[in-house]
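**Student:** So here's work31.pdb (PDB, C-alpha atoms).
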ATOM      1  CA  MET A 121       0.000   0.000   0.000
ATOM      2  CA  LYS A 122       3.011   2.290   0.257
ATOM      3  CA  GLU A 123       2.923   2.751  -3.495
ATOM      4  CA  PHE A 124      -0.642   4.094  -3.440
ATOM      5  CA  VAL A 125      -1.575   7.740  -2.802
ATOM      6  CA  THR A 126      -4.912   9.324  -1.879
ATOM      7  CA  ILE A 127      -6.245  11.643  -4.578
ATOM      8  CA  ALA A 128      -9.918  12.093  -3.547
ATOM      9  CA  ARG A 129     -12.373  11.567  -0.687
ATOM     10  CA  PHE A 130     -16.057  10.737  -0.810
ATOM     11  CA  THR A 131     -18.818  10.547   1.781
ATOM     12  CA  TYR A 132     -20.960   7.845   0.137
ATOM     13  CA  PRO A 133     -20.297   5.148  -2.494
ATOM     14  CA  SER A 134     -22.913   6.602  -4.831
ATOM     15  CA  GLU A 135     -20.687   9.656  -5.329
ATOM     16  CA  TYR A 136     -18.044   7.734  -7.248
ATOM     17  CA  ALA A 137     -19.958   5.073  -9.195
ATOM     18  CA  VAL A 138     -19.225   6.653 -12.588
ATOM     19  CA  LEU A 139     -15.620   7.413 -11.657
ATOM     20  CA  LYS A 140     -15.050   3.778 -10.686
ATOM     21  CA  LEU A 141     -16.210   2.696 -14.147
ATOM     22  CA  LEU A 142     -13.898   5.199 -15.849
ATOM     23  CA  LEU A 143     -10.898   4.115 -13.783
ATOM     24  CA  ASN A 144     -11.568   0.473 -14.663
ATOM     25  CA  ARG A 145     -11.883   1.299 -18.371
ATOM     26  CA  ASN A 146      -8.522   3.079 -18.286
ATOM     27  CA  ASN A 147      -6.769   0.242 -16.431
ATOM     28  CA  ILE A 148      -5.941   2.477 -13.470
ATOM     29  CA  ASN A 149      -4.795   0.597 -10.363
ATOM     30  CA  PHE A 150      -6.978   1.898  -7.528
ATOM     31  CA  ILE A 151      -8.639   1.036  -4.236
ATOM     32  CA  PHE A 152     -11.358   2.696  -2.173
ATOM     33  CA  LEU A 153     -10.402   2.618   1.507
ATOM     34  CA  ASN A 154     -13.199   2.353   4.110
ATOM     35  CA  GLU A 155     -15.711   1.438   1.384
ATOM     36  CA  THR A 156     -17.036  -1.686   3.105
ATOM     37  CA  ALA A 157     -17.253  -0.110   6.558
ATOM     38  CA  ILE A 158     -19.206   2.860   5.234
ATOM     39  CA  ASN A 159     -21.521   0.584   3.235
ATOM     40  CA  VAL A 160     -22.374  -1.150   6.507
ATOM     41  CA  MET A 161     -22.489   2.028   8.656
ATOM     42  CA  PRO A 162     -23.152   4.972   6.306
ATOM     43  CA  PHE A 163     -23.733   7.495   9.081
ATOM     44  CA  HIS A 164     -20.191   6.941  10.332
ATOM     45  CA  SER A 165     -18.583   8.204   7.124
ATOM     46  CA  ASN A 166     -17.171  11.358   8.708
ATOM     47  CA  ALA A 167     -15.805   9.403  11.666
ATOM     48  CA  PHE A 168     -13.860   7.160   9.273
ATOM     49  CA  GLY A 169     -12.586  10.139   7.301
ATOM     50  CA  GLY A 170     -14.754   9.283   4.317
ATOM     51  CA  ILE A 171     -14.018   6.850   1.539
ATOM     52  CA  ARG A 172     -10.542   7.526   0.195
ATOM     53  CA  LEU A 173      -9.661   6.887  -3.426
ATOM     54  CA  GLN A 174      -6.091   5.694  -3.640
ATOM     55  CA  VAL A 175      -4.282   5.092  -6.916
ATOM     56  CA  HIS A 176      -0.890   3.662  -7.699
ATOM     57  CA  LYS A 177       1.793   6.339  -7.979
ATOM     58  CA  LYS A 178       2.396   5.518 -11.641
ATOM     59  CA  ASP A 179      -1.317   6.112 -12.399
ATOM     60  CA  LYS A 180      -1.763   9.266 -10.304
ATOM     61  CA  GLU A 181      -1.563  11.866 -13.078
ATOM     62  CA  ARG A 182      -3.875   9.936 -15.406
ATOM     63  CA  ALA A 183      -6.429   9.407 -12.608
ATOM     64  CA  ILE A 184      -6.409  13.105 -11.734
ATOM     65  CA  GLN A 185      -6.915  13.921 -15.414
ATOM     66  CA  ILE A 186      -9.916  11.557 -15.560
ATOM     67  CA  ILE A 187     -11.454  13.307 -12.541
ATOM     68  CA  LYS A 188     -10.906  16.737 -14.111
ATOM     69  CA  GLU A 189     -12.455  15.602 -17.407
ATOM     70  CA  LEU A 190     -15.451  14.168 -15.558
ATOM     71  CA  ASN A 191     -15.922  17.440 -13.665
ATOM     72  CA  ASN A 192     -15.703  19.455 -16.897
ATOM     73  CA  THR A 193     -18.014  17.310 -19.049
ATOM     74  CA  SER A 194     -20.826  16.431 -16.687
ATOM     75  CA  LYS A 195     -22.949  17.850 -13.933
ATOM     76  CA  LEU A 196     -21.327  15.387 -11.550
ATOM     77  CA  VAL A 197     -18.692  17.095  -9.443
ATOM     78  CA  ILE A 198     -15.937  15.245  -7.646
ATOM     79  CA  VAL A 199     -14.360  17.246  -4.859
TER      80      VAL A 199
END
Now, as a test, write the supplied structure out as structure tokens.

**Tutor:**
Amino acid sequence: MKEFVTIARFTYPSEYAVLKLLLNRNNINFIFLNETAINVMPFHSNAFGGIRLQVHKKDKERAIQIIKELNNTSKLVIV
């Protein structure tokens, strides 16, 4: 996990459903930390620090570009 870096945080899994699809299509190595815990206890999202999107260091720039493109071309906004 040392080779993965956090590039985004989400409160609920529904906020990144489209992003997850785009990352898979682009063969980006990623993981969502705390995803299972927040699916089980959604009201504890803030206590866990949200769901963190981590990508491999080699994929970081491409993943950030995908997020920017998604923010620019849709009404979905990833913060």

**Student:** Between A:Glu155, A:Met161, A:Thr193, A:Ile186, which one has atoms that come closest to A:Leu142, using only C-alpha atoms?

**Tutor:** A:Ile186

**Student:** Give as a ChimeraX atom specification the residues that the PyMOL selection byres ((chain A and resi 129) around 8) matches when applied to the coordinates above.

**Tutor:** /A:126-128,130-131,170-173,199

**Student:** For atom CA of A:Glu123 and atom CA of A:Val175, determine how far apart the two atoms are, in Å to one decimal place.

**Tutor:**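 That distance, rounded to one decimal, is 8.3 Å.
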
**Student:** Rounded to one decimal place, report the atom CA of A:Glu189-atom CA of A:Val138 distance in Å.

**Tutor:** 12.2 Å

**Student:** Check the smallest atom-to-atom distance from each of A:Phe163, A:Lys122, A:Thr156, A:Leu139 to A:Leu190 using all atoms listed in the file, then report the winner.

**Tutor:**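 Among the listed residues, the smallest separation from A:Leu190 belongs to A:Leu139.
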
**Student:** I'd like to see the residues matched by the PyMOL selection byres ((chain A and resi 178) around 12) on this file, and ideally I'd get them as a compact mmCIF listing (two decimals) with C-alpha atoms, in the coordinates of the input.

**Tutor:**
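Contents of result-v3.txt, freshly written:
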# COMPACT_ATOMS: atom_id res chain seq x y z
CA GLU A 123 2.92 2.75 -3.50
CA PHE A 124 -0.64 4.09 -3.44
CA VAL A 125 -1.58 7.74 -2.80
CA ASN A 147 -6.77 0.24 -16.43
CA ILE A 148 -5.94 2.48 -13.47
CA ASN A 149 -4.80 0.60 -10.36
CA PHE A 150 -6.98 1.90 -7.53
CA GLN A 174 -6.09 5.69 -3.64
CA VAL A 175 -4.28 5.09 -6.92
CA HIS A 176 -0.89 3.66 -7.70
CA LYS A 177 1.79 6.34 -7.98
CA ASP A 179 -1.32 6.11 -12.40
CA LYS A 180 -1.76 9.27 -10.30
CA GLU A 181 -1.56 11.87 -13.08
CA ARG A 182 -3.88 9.94 -15.41
CA ALA A 183 -6.43 9.41 -12.61
CA ILE A 184 -6.41 13.10 -11.73

**Student:** What is the distance, in Å and to one decimal place, between atom CA of A:His164 and atom CA of A:Ser134?

**Tutor:** 15.4 Å

**Student:** Show me, as AutoDock Vina command-line options, the centre and edge lengths in Å to one decimal of the axis-aligned box that covers every listed atom of stretch 165-180 of chain A with 5 Å on each side.

**Tutor:**
--center_x -8.1 --center_y 7.5 --center_z -0.4 --size_x 31.0 --size_y 17.7 --size_z 34.1

**Student:** Tell me which of A:Ile187, A:Tyr132, A:Leu143, A:Ala137 sits closest to A:Val160, counting all atoms listed in the file.

**Tutor:**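 When distances to A:Val160 are compared using all atoms listed in the file, the smallest one comes from A:Tyr132.
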
**Student:** When you get a chance, write out N, CA and C atoms for stretch 121-148 of chain A, as a PDB file, in the frame of the given file.

**Tutor:**
ATOM      1  N   MET A 121       0.810  -1.207   0.000  1.00  0.00           N
ATOM      2  CA  MET A 121       0.000   0.000   0.000  1.00  0.00           C
ATOM      3  C   MET A 121       0.848   1.263   0.000  1.00  0.00           C
ATOM      4  N   LYS A 122       2.144   1.117   0.235  1.00  0.00           N
ATOM      5  CA  LYS A 122       3.011   2.290   0.257  1.00  0.00           C
ATOM      6  C   LYS A 122       3.107   2.953  -1.110  1.00  0.00           C
ATOM      7  N   GLU A 123       2.811   2.201  -2.155  1.00  0.00           N
ATOM      8  CA  GLU A 123       2.923   2.751  -3.495  1.00  0.00           C
ATOM      9  C   GLU A 123       1.627   3.391  -3.976  1.00  0.00           C
ATOM     10  N   PHE A 124       0.633   3.476  -3.098  1.00  0.00           N
ATOM     11  CA  PHE A 124      -0.642   4.094  -3.440  1.00  0.00           C
ATOM     12  C   PHE A 124      -0.773   5.424  -2.711  1.00  0.00           C
ATOM     13  N   VAL A 125      -1.374   6.409  -3.385  1.00  0.00           N
ATOM     14  CA  VAL A 125      -1.575   7.740  -2.802  1.00  0.00           C
ATOM     15  C   VAL A 125      -3.051   8.124  -2.896  1.00  0.00           C
ATOM     16  N   THR A 126      -3.526   8.864  -1.899  1.00  0.00           N
ATOM     17  CA  THR A 126      -4.912   9.324  -1.879  1.00  0.00           C
ATOM     18  C   THR A 126      -5.055  10.541  -2.771  1.00  0.00           C
ATOM     19  N   ILE A 127      -6.037  10.495  -3.687  1.00  0.00           N
ATOM     20  CA  ILE A 127      -6.245  11.643  -4.578  1.00  0.00           C
ATOM     21  C   ILE A 127      -7.642  12.243  -4.440  1.00  0.00           C
ATOM     22  N   ALA A 128      -8.560  11.553  -3.729  1.00  0.00           N
ATOM     23  CA  ALA A 128      -9.918  12.093  -3.547  1.00  0.00           C
ATOM     24  C   ALA A 128     -10.577  11.420  -2.349  1.00  0.00           C
ATOM     25  N   ARG A 129     -11.584  12.109  -1.801  1.00  0.00           N
ATOM     26  CA  ARG A 129     -12.373  11.567  -0.687  1.00  0.00           C
ATOM     27  C   ARG A 129     -13.852  11.718  -1.014  1.00  0.00           C
ATOM     28  N   PHE A 130     -14.622  10.745  -0.561  1.00  0.00           N
ATOM     29  CA  PHE A 130     -16.057  10.737  -0.810  1.00  0.00           C
ATOM     30  C   PHE A 130     -16.786  10.393   0.484  1.00  0.00           C
ATOM     31  N   THR A 131     -18.023  10.850   0.598  1.00  0.00           N
ATOM     32  CA  THR A 131     -18.818  10.547   1.781  1.00  0.00           C
ATOM     33  C   THR A 131     -19.587   9.245   1.599  1.00  0.00           C
ATOM     34  N   TYR A 132     -20.146   9.030   0.405  1.00  0.00           N
ATOM     35  CA  TYR A 132     -20.960   7.845   0.137  1.00  0.00           C
ATOM     36  C   TYR A 132     -20.525   7.181  -1.168  1.00  0.00           C
ATOM     37  N   PRO A 133     -20.699   5.871  -1.279  1.00  0.00           N
ATOM     38  CA  PRO A 133     -20.297   5.148  -2.494  1.00  0.00           C
ATOM     39  C   PRO A 133     -20.990   5.629  -3.765  1.00  0.00           C
ATOM     40  N   SER A 134     -22.195   6.138  -3.641  1.00  0.00           N
ATOM     41  CA  SER A 134     -22.913   6.602  -4.831  1.00  0.00           C
ATOM     42  C   SER A 134     -22.219   7.787  -5.500  1.00  0.00           C
ATOM     43  N   GLU A 135     -21.359   8.473  -4.785  1.00  0.00           N
ATOM     44  CA  GLU A 135     -20.687   9.656  -5.329  1.00  0.00           C
ATOM     45  C   GLU A 135     -19.598   9.310  -6.342  1.00  0.00           C
ATOM     46  N   TYR A 136     -19.145   8.072  -6.346  1.00  0.00           N
ATOM     47  CA  TYR A 136     -18.044   7.734  -7.248  1.00  0.00           C
ATOM     48  C   TYR A 136     -18.346   6.566  -8.185  1.00  0.00           C
ATOM     49  N   ALA A 137     -19.599   6.215  -8.350  1.00  0.00           N
ATOM     50  CA  ALA A 137     -19.958   5.073  -9.195  1.00  0.00           C
ATOM     51  C   ALA A 137     -19.464   5.249 -10.628  1.00  0.00           C
ATOM     52  N   VAL A 138     -19.663   6.408 -11.214  1.00  0.00           N
ATOM     53  CA  VAL A 138     -19.225   6.653 -12.588  1.00  0.00           C
ATOM     54  C   VAL A 138     -17.702   6.705 -12.662  1.00  0.00           C
ATOM     55  N   LEU A 139     -17.078   7.325 -11.691  1.00  0.00           N
ATOM     56  CA  LEU A 139     -15.620   7.413 -11.657  1.00  0.00           C
ATOM     57  C   LEU A 139     -14.994   6.021 -11.596  1.00  0.00           C
ATOM     58  N   LYS A 140     -15.568   5.145 -10.809  1.00  0.00           N
ATOM     59  CA  LYS A 140     -15.050   3.778 -10.686  1.00  0.00           C
ATOM     60  C   LYS A 140     -15.053   3.079 -12.046  1.00  0.00           C
ATOM     61  N   LEU A 141     -16.114   3.260 -12.800  1.00  0.00           N
ATOM     62  CA  LEU A 141     -16.210   2.696 -14.147  1.00  0.00           C
ATOM     63  C   LEU A 141     -15.119   3.259 -15.053  1.00  0.00           C
ATOM     64  N   LEU A 142     -14.914   4.572 -15.003  1.00  0.00           N
ATOM     65  CA  LEU A 142     -13.898   5.199 -15.849  1.00  0.00           C
ATOM     66  C   LEU A 142     -12.483   4.739 -15.484  1.00  0.00           C
ATOM     67  N   LEU A 143     -12.217   4.590 -14.200  1.00  0.00           N
ATOM     68  CA  LEU A 143     -10.898   4.115 -13.783  1.00  0.00           C
ATOM     69  C   LEU A 143     -10.663   2.687 -14.263  1.00  0.00           C
ATOM     70  N   ASN A 144     -11.689   1.841 -14.165  1.00  0.00           N
ATOM     71  CA  ASN A 144     -11.568   0.473 -14.663  1.00  0.00           C
ATOM     72  C   ASN A 144     -11.321   0.442 -16.162  1.00  0.00           C
ATOM     73  N   ARG A 145     -12.042   1.258 -16.911  1.00  0.00           N
ATOM     74  CA  ARG A 145     -11.883   1.299 -18.371  1.00  0.00           C
ATOM     75  C   ARG A 145     -10.487   1.733 -18.785  1.00  0.00           C
ATOM     76  N   ASN A 146      -9.854   2.567 -17.968  1.00  0.00           N
ATOM     77  CA  ASN A 146      -8.522   3.079 -18.286  1.00  0.00           C
ATOM     78  C   ASN A 146      -7.404   2.283 -17.627  1.00  0.00           C
ATOM     79  N   ASN A 147      -7.752   1.130 -17.068  1.00  0.00           N
ATOM     80  CA  ASN A 147      -6.769   0.242 -16.431  1.00  0.00           C
ATOM     81  C   ASN A 147      -5.936   0.945 -15.364  1.00  0.00           C
ATOM     82  N   ILE A 148      -6.594   1.781 -14.575  1.00  0.00           N
ATOM     83  CA  ILE A 148      -5.941   2.477 -13.470  1.00  0.00           C
ATOM     84  C   ILE A 148      -5.980   1.556 -12.251  1.00  0.00           C
TER      85      ILE A 148
END
